[in-house]
>>> print(open('model_13.json').read())   # JSON, C-alpha atoms
[["chain", "number", "residue", "atom", "x", "y", "z"],
["A", 1, "MET", "CA", 11.99, 8.89, 20.30],
["A", 2, "SER", "CA", 8.58, 7.41, 19.76],
["A", 3, "ASN", "CA", 6.67, 5.87, 16.89],
["A", 4, "GLN", "CA", 2.88, 5.72, 17.04],
["A", 5, "PHE", "CA", 0.63, 3.45, 14.99],
["A", 6, "ILE", "CA", -2.93, 4.77, 14.74],
["A", 7, "ASN", "CA", -6.05, 3.23, 13.20],
["A", 8, "PRO", "CA", -8.89, 5.75, 13.62],
["A", 9, "PRO", "CA", -12.20, 3.93, 14.18],
["A", 10, "ALA", "CA", -13.85, 6.01, 11.43],
["A", 11, "LEU", "CA", -11.53, 4.43, 8.81],
["A", 12, "GLY", "CA", -11.94, 0.88, 7.50],
["A", 13, "PRO", "CA", -10.26, -2.20, 8.98],
["A", 14, "THR", "CA", -6.63, -2.98, 8.10],
["A", 15, "ASN", "CA", -4.85, -6.22, 7.28],
["A", 16, "GLY", "CA", -1.14, -6.00, 8.07],
["A", 17, "TRP", "CA", -0.83, -2.23, 7.74],
["A", 18, "THR", "CA", -1.70, 0.90, 9.73],
["A", 19, "HIS", "CA", -3.66, 3.93, 8.52],
["A", 20, "VAL", "CA", -1.43, 6.52, 10.22],
["A", 21, "THR", "CA", 2.05, 6.39, 11.71],
["A", 22, "THR", "CA", 3.89, 9.17, 13.47],
["A", 23, "ALA", "CA", 7.49, 9.47, 14.57],
["A", 24, "THR", "CA", 9.24, 11.95, 16.83],
["A", 25, "GLY", "CA", 12.96, 12.31, 17.38],
["A", 26, "GLY", "CA", 15.47, 9.79, 16.15],
["A", 27, "LYS", "CA", 17.13, 9.21, 12.79],
["A", 28, "THR", "CA", 15.05, 8.77, 9.64],
["A", 29, "VAL", "CA", 16.19, 6.04, 7.25],
["A", 30, "TYR", "CA", 14.99, 6.03, 3.62],
["A", 31, "VAL", "CA", 15.47, 2.74, 1.80],
["A", 32, "SER", "CA", 15.32, 2.86, -2.00],
["A", 33, "GLY", "CA", 13.07, 0.37, -3.71],
["A", 34, "GLN", "CA", 14.49, -3.11, -3.31],
["A", 35, "VAL", "CA", 13.88, -5.94, -5.76],
["A", 36, "ALA", "CA", 14.53, -9.69, -5.98],
["A", 37, "VAL", "CA", 18.18, -9.71, -6.94],
["A", 38, "ASN", "CA", 21.16, -11.25, -5.17],
["A", 39, "GLU", "CA", 24.52, -9.59, -4.45],
["A", 40, "ARG", "CA", 25.59, -10.25, -8.07],
["A", 41, "GLY", "CA", 22.46, -8.57, -9.46],
["A", 42, "GLU", "CA", 20.92, -11.86, -10.57],
["A", 43, "VAL", "CA", 17.13, -12.17, -10.40],
["A", 44, "ILE", "CA", 15.95, -14.64, -7.76],
["A", 45, "GLY", "CA", 12.61, -16.37, -8.41],
["A", 46, "LYS", "CA", 12.04, -15.38, -12.01],
["A", 47, "GLY", "CA", 8.28, -15.59, -12.65],
["A", 48, "ASP", "CA", 7.48, -16.46, -8.99],
["A", 49, "ILE", "CA", 5.88, -13.62, -6.98],
["A", 50, "LYS", "CA", 6.27, -15.37, -3.60],
["A", 51, "THR", "CA", 9.98, -16.13, -4.06],
["A", 52, "GLN", "CA", 10.61, -12.63, -5.36],
["A", 53, "THR", "CA", 8.75, -11.14, -2.40],
["A", 54, "GLN", "CA", 10.89, -13.18, 0.02],
["A", 55, "GLN", "CA", 14.13, -12.06, -1.66],
["A", 56, "THR", "CA", 12.95, -8.46, -1.72],
["A", 57, "PHE", "CA", 12.19, -8.51, 2.02],
["A", 58, "GLU", "CA", 15.60, -10.08, 2.68],
["A", 59, "ASN", "CA", 17.19, -7.23, 0.71],
["A", 60, "LEU", "CA", 15.16, -4.70, 2.72],
["A", 61, "LYS", "CA", 16.38, -6.38, 5.91],
["A", 62, "THR", "CA", 19.99, -6.05, 4.74],
["A", 63, "ALA", "CA", 19.51, -2.37, 3.86],
["A", 64, "LEU", "CA", 17.78, -1.56, 7.16],
["A", 65, "THR", "CA", 20.45, -3.39, 9.16],
["A", 66, "ALA", "CA", 23.20, -1.43, 7.37],
["A", 67, "ALA", "CA", 21.58, 1.78, 8.66],
["A", 68, "GLY", "CA", 21.15, 0.46, 12.21],
["A", 69, "ALA", "CA", 17.43, -0.18, 11.78],
["A", 70, "GLY", "CA", 15.07, -3.14, 11.60],
["A", 71, "PHE", "CA", 11.54, -3.85, 10.49],
["A", 72, "ARG", "CA", 10.27, -2.79, 13.95],
["A", 73, "ASP", "CA", 11.44, 0.74, 13.02],
["A", 74, "VAL", "CA", 9.64, 0.91, 9.65],
["A", 75, "VAL", "CA", 6.85, 3.49, 9.67],
["A", 76, "LYS", "CA", 6.01, 3.56, 5.92],
["A", 77, "MET", "CA", 6.28, 0.99, 3.16],
["A", 78, "ASN", "CA", 5.38, 1.27, -0.54],
["A", 79, "ILE", "CA", 4.96, -1.94, -2.54],
["A", 80, "PHE", "CA", 4.82, -1.99, -6.34],
["A", 81, "VAL", "CA", 3.73, -5.20, -8.11],
["A", 82, "VAL", "CA", 3.78, -5.85, -11.84],
["A", 83, "GLY", "CA", 0.37, -7.00, -13.10],
["A", 84, "LEU", "CA", -1.13, -7.09, -9.61],
["A", 85, "ARG", "CA", -4.04, -9.52, -9.37],
["A", 86, "PRO", "CA", -6.19, -10.35, -6.31],
["A", 87, "GLU", "CA", -4.70, -13.85, -5.95],
["A", 88, "MET", "CA", -1.21, -12.34, -5.51],
["A", 89, "VAL", "CA", -2.17, -10.34, -2.42],
["A", 90, "PRO", "CA", -2.36, -13.29, 0.06],
["A", 91, "LEU", "CA", 1.10, -14.47, -1.06],
["A", 92, "ILE", "CA", 2.59, -11.01, -0.53],
["A", 93, "ARG", "CA", 0.85, -10.66, 2.86],
["A", 94, "GLU", "CA", 2.10, -14.09, 3.96],
["A", 95, "VAL", "CA", 5.71, -13.12, 3.30],
["A", 96, "ARG", "CA", 5.31, -9.59, 4.69],
["A", 97, "ALA", "CA", 3.94, -11.04, 7.97],
["A", 98, "GLN", "CA", 7.26, -12.87, 8.47],
["A", 99, "TYR", "CA", 9.11, -9.54, 8.57],
["A", 100, "VAL", "CA", 6.98, -6.61, 9.74],
["A", 101, "ASN", "CA", 5.68, -6.18, 13.28],
["A", 102, "MET", "CA", 2.08, -7.32, 12.82],
["A", 103, "GLN", "CA", 1.08, -5.81, 16.18],
["A", 104, "SER", "CA", 2.13, -2.34, 14.93],
["A", 105, "PRO", "CA", 2.55, -2.64, 11.17],
["A", 106, "PRO", "CA", 3.75, 0.34, 9.13],
["A", 107, "ALA", "CA", 1.57, 2.58, 7.02],
["A", 108, "SER", "CA", 1.61, 0.88, 3.64],
["A", 109, "THR", "CA", 0.59, 1.32, 0.02],
["A", 110, "LEU", "CA", 0.25, -1.56, -2.46],
["A", 111, "VAL", "CA", 0.15, -0.48, -6.10],
["A", 112, "GLY", "CA", -0.19, -2.49, -9.30],
["A", 113, "VAL", "CA", 2.11, -1.28, -12.08],
["A", 114, "SER", "CA", 2.59, -2.28, -15.71],
["A", 115, "ALA", "CA", 6.37, -2.70, -15.44],
["A", 116, "LEU", "CA", 9.47, -2.13, -13.32],
["A", 117, "VAL", "CA", 12.91, -1.20, -14.65],
["A", 118, "GLY", "CA", 14.17, -4.80, -14.71],
["A", 119, "PRO", "CA", 12.20, -6.92, -17.19],
["A", 120, "ASP", "CA", 12.07, -9.93, -14.81],
["A", 121, "TRP", "CA", 11.26, -7.98, -11.64],
["A", 122, "LEU", "CA", 7.75, -8.61, -10.30],
["A", 123, "ILE", "CA", 7.90, -6.58, -7.07],
["A", 124, "GLU", "CA", 9.71, -3.55, -5.69],
["A", 125, "ILE", "CA", 9.45, -2.32, -2.09],
["A", 126, "GLU", "CA", 10.68, 0.92, -0.54],
["A", 127, "ALA", "CA", 10.61, 1.76, 3.15],
["A", 128, "VAL", "CA", 11.01, 4.62, 5.61],
["A", 129, "ALA", "CA", 12.18, 3.81, 9.14],
["A", 130, "VAL", "CA", 12.77, 5.96, 12.22],
["A", 131, "VAL", "CA", 15.41, 4.79, 14.68],
["A", 132, "GLY", "CA", 15.77, 6.12, 18.23]]
>>> encode(input="model_13.json", output="structure tokens")
Amino acid sequence: MSNQFINPPALGPTNGWTHVTTATGGKTVYVSGQVAVNERGEVIGKGDIKTQTQQTFENLKTALTAAGAGFRDVVKMNIFVVGLRPEMVPLIREVRAQYVNMQSPPASTLVGVSALVGPDWLIEIEAVAVVG
């Protein structure tokens, strides 16, 4: 099993993500979008993007661990942020850097959305991991 992280020189520079990832062999793990709720479904960090991002990454960690994976195995991540503004990006990147392998970060998409299903949710993150 092998995961590759490729940044072709003809594509622009990256900041905590990789342009192309490949995976061969192993088990693929798909994690549904996780949000900033605790085990009782209560929103953590209402109105606070940084706190919600931290809780969301903790929930991703729990989900990955349950499948025998970790952030080192994540090859693709999609991040959805309600009302995304430029000043939110450094806060999200700061938290993300505490979890993902910054030497070989996953392919990633960051999208601003008008709303998520929960009225107090500010961020939702889904991930795909490949475990050897």
>>> atom_distance(input="model_13.json", atom1="atom CA of Ala36 of chain A", atom2="atom CA of Ile79 of chain A")
12.8 Å
>>> atom_distance(input="model_13.json", atom1="atom CA of Ala69 of chain A", atom2="atom CA of Tyr30 of chain A")
10.5 Å
>>> atom_distance(input="model_13.json", atom1="atom CA of Val131 of chain A", atom2="atom CA of Thr22 of chain A")
12.4 Å
>>> residues_around(input="model_13.json", residues="segment 59-62 of chain A", least_positions_apart="6", cutoff="9 Å", atoms="only C-alpha atoms", output="PyMOL selection string")
chain A and resi 31-38+69-71+99+125-127
>>> closest_residue(input="model_13.json", among="A:Ala63, A:Leu84, A:Val100, A:Val75", to="Ser2 of chain A", atoms="only C-alpha atoms")
A:Val75
>>> closest_residue(input="model_13.json", among="A:Thr109, A:Arg96, A:Val81, A:Ser114", to="Ile49 of chain A", atoms="all atoms listed in the file")
A:Val81
>>> residues_near_point(input="model_13.json", point="(5.3, 1.6, 9.9)", cutoff="12 Å", atoms="all atoms listed in the file", output="ChimeraX atom specification")
/A:2-7,16-23,70-78,99-109,126-131
>>> closest_residue(input="model_13.json", among="A:Ile123, A:Gly118, A:Lys46, A:Asn15", to="Glu94 of chain A", atoms="only C-alpha atoms")
A:Asn15
>>> closest_residue(input="model_13.json", among="A:Gly68, A:Pro8, A:Gly26, A:Gly83", to="Leu122 of chain A", atoms="all atoms listed in the file")
A:Gly83
>>> closest_residue(input="model_13.json", among="A:Glu39, A:Ile92, A:Phe80, A:Glu87", to="Leu110 of chain A", atoms="all atoms listed in the file")
A:Phe80
>>> axis_aligned_box(input="model_13.json", around="segment 1-18 of chain A", padding_each_side="6 Å", output="lines of an AutoDock Vina configuration file")
center_x = -0.9
center_y = 1.3
center_z = 13.8
size_x = 37.8
size_y = 27.1
size_z = 25.0
>>> closest_residue(input="model_13.json", among="A:Val29, A:Ile44, A:Ala97, A:Leu91", to="Thr65 of chain A", atoms="all atoms listed in the file")
A:Val29
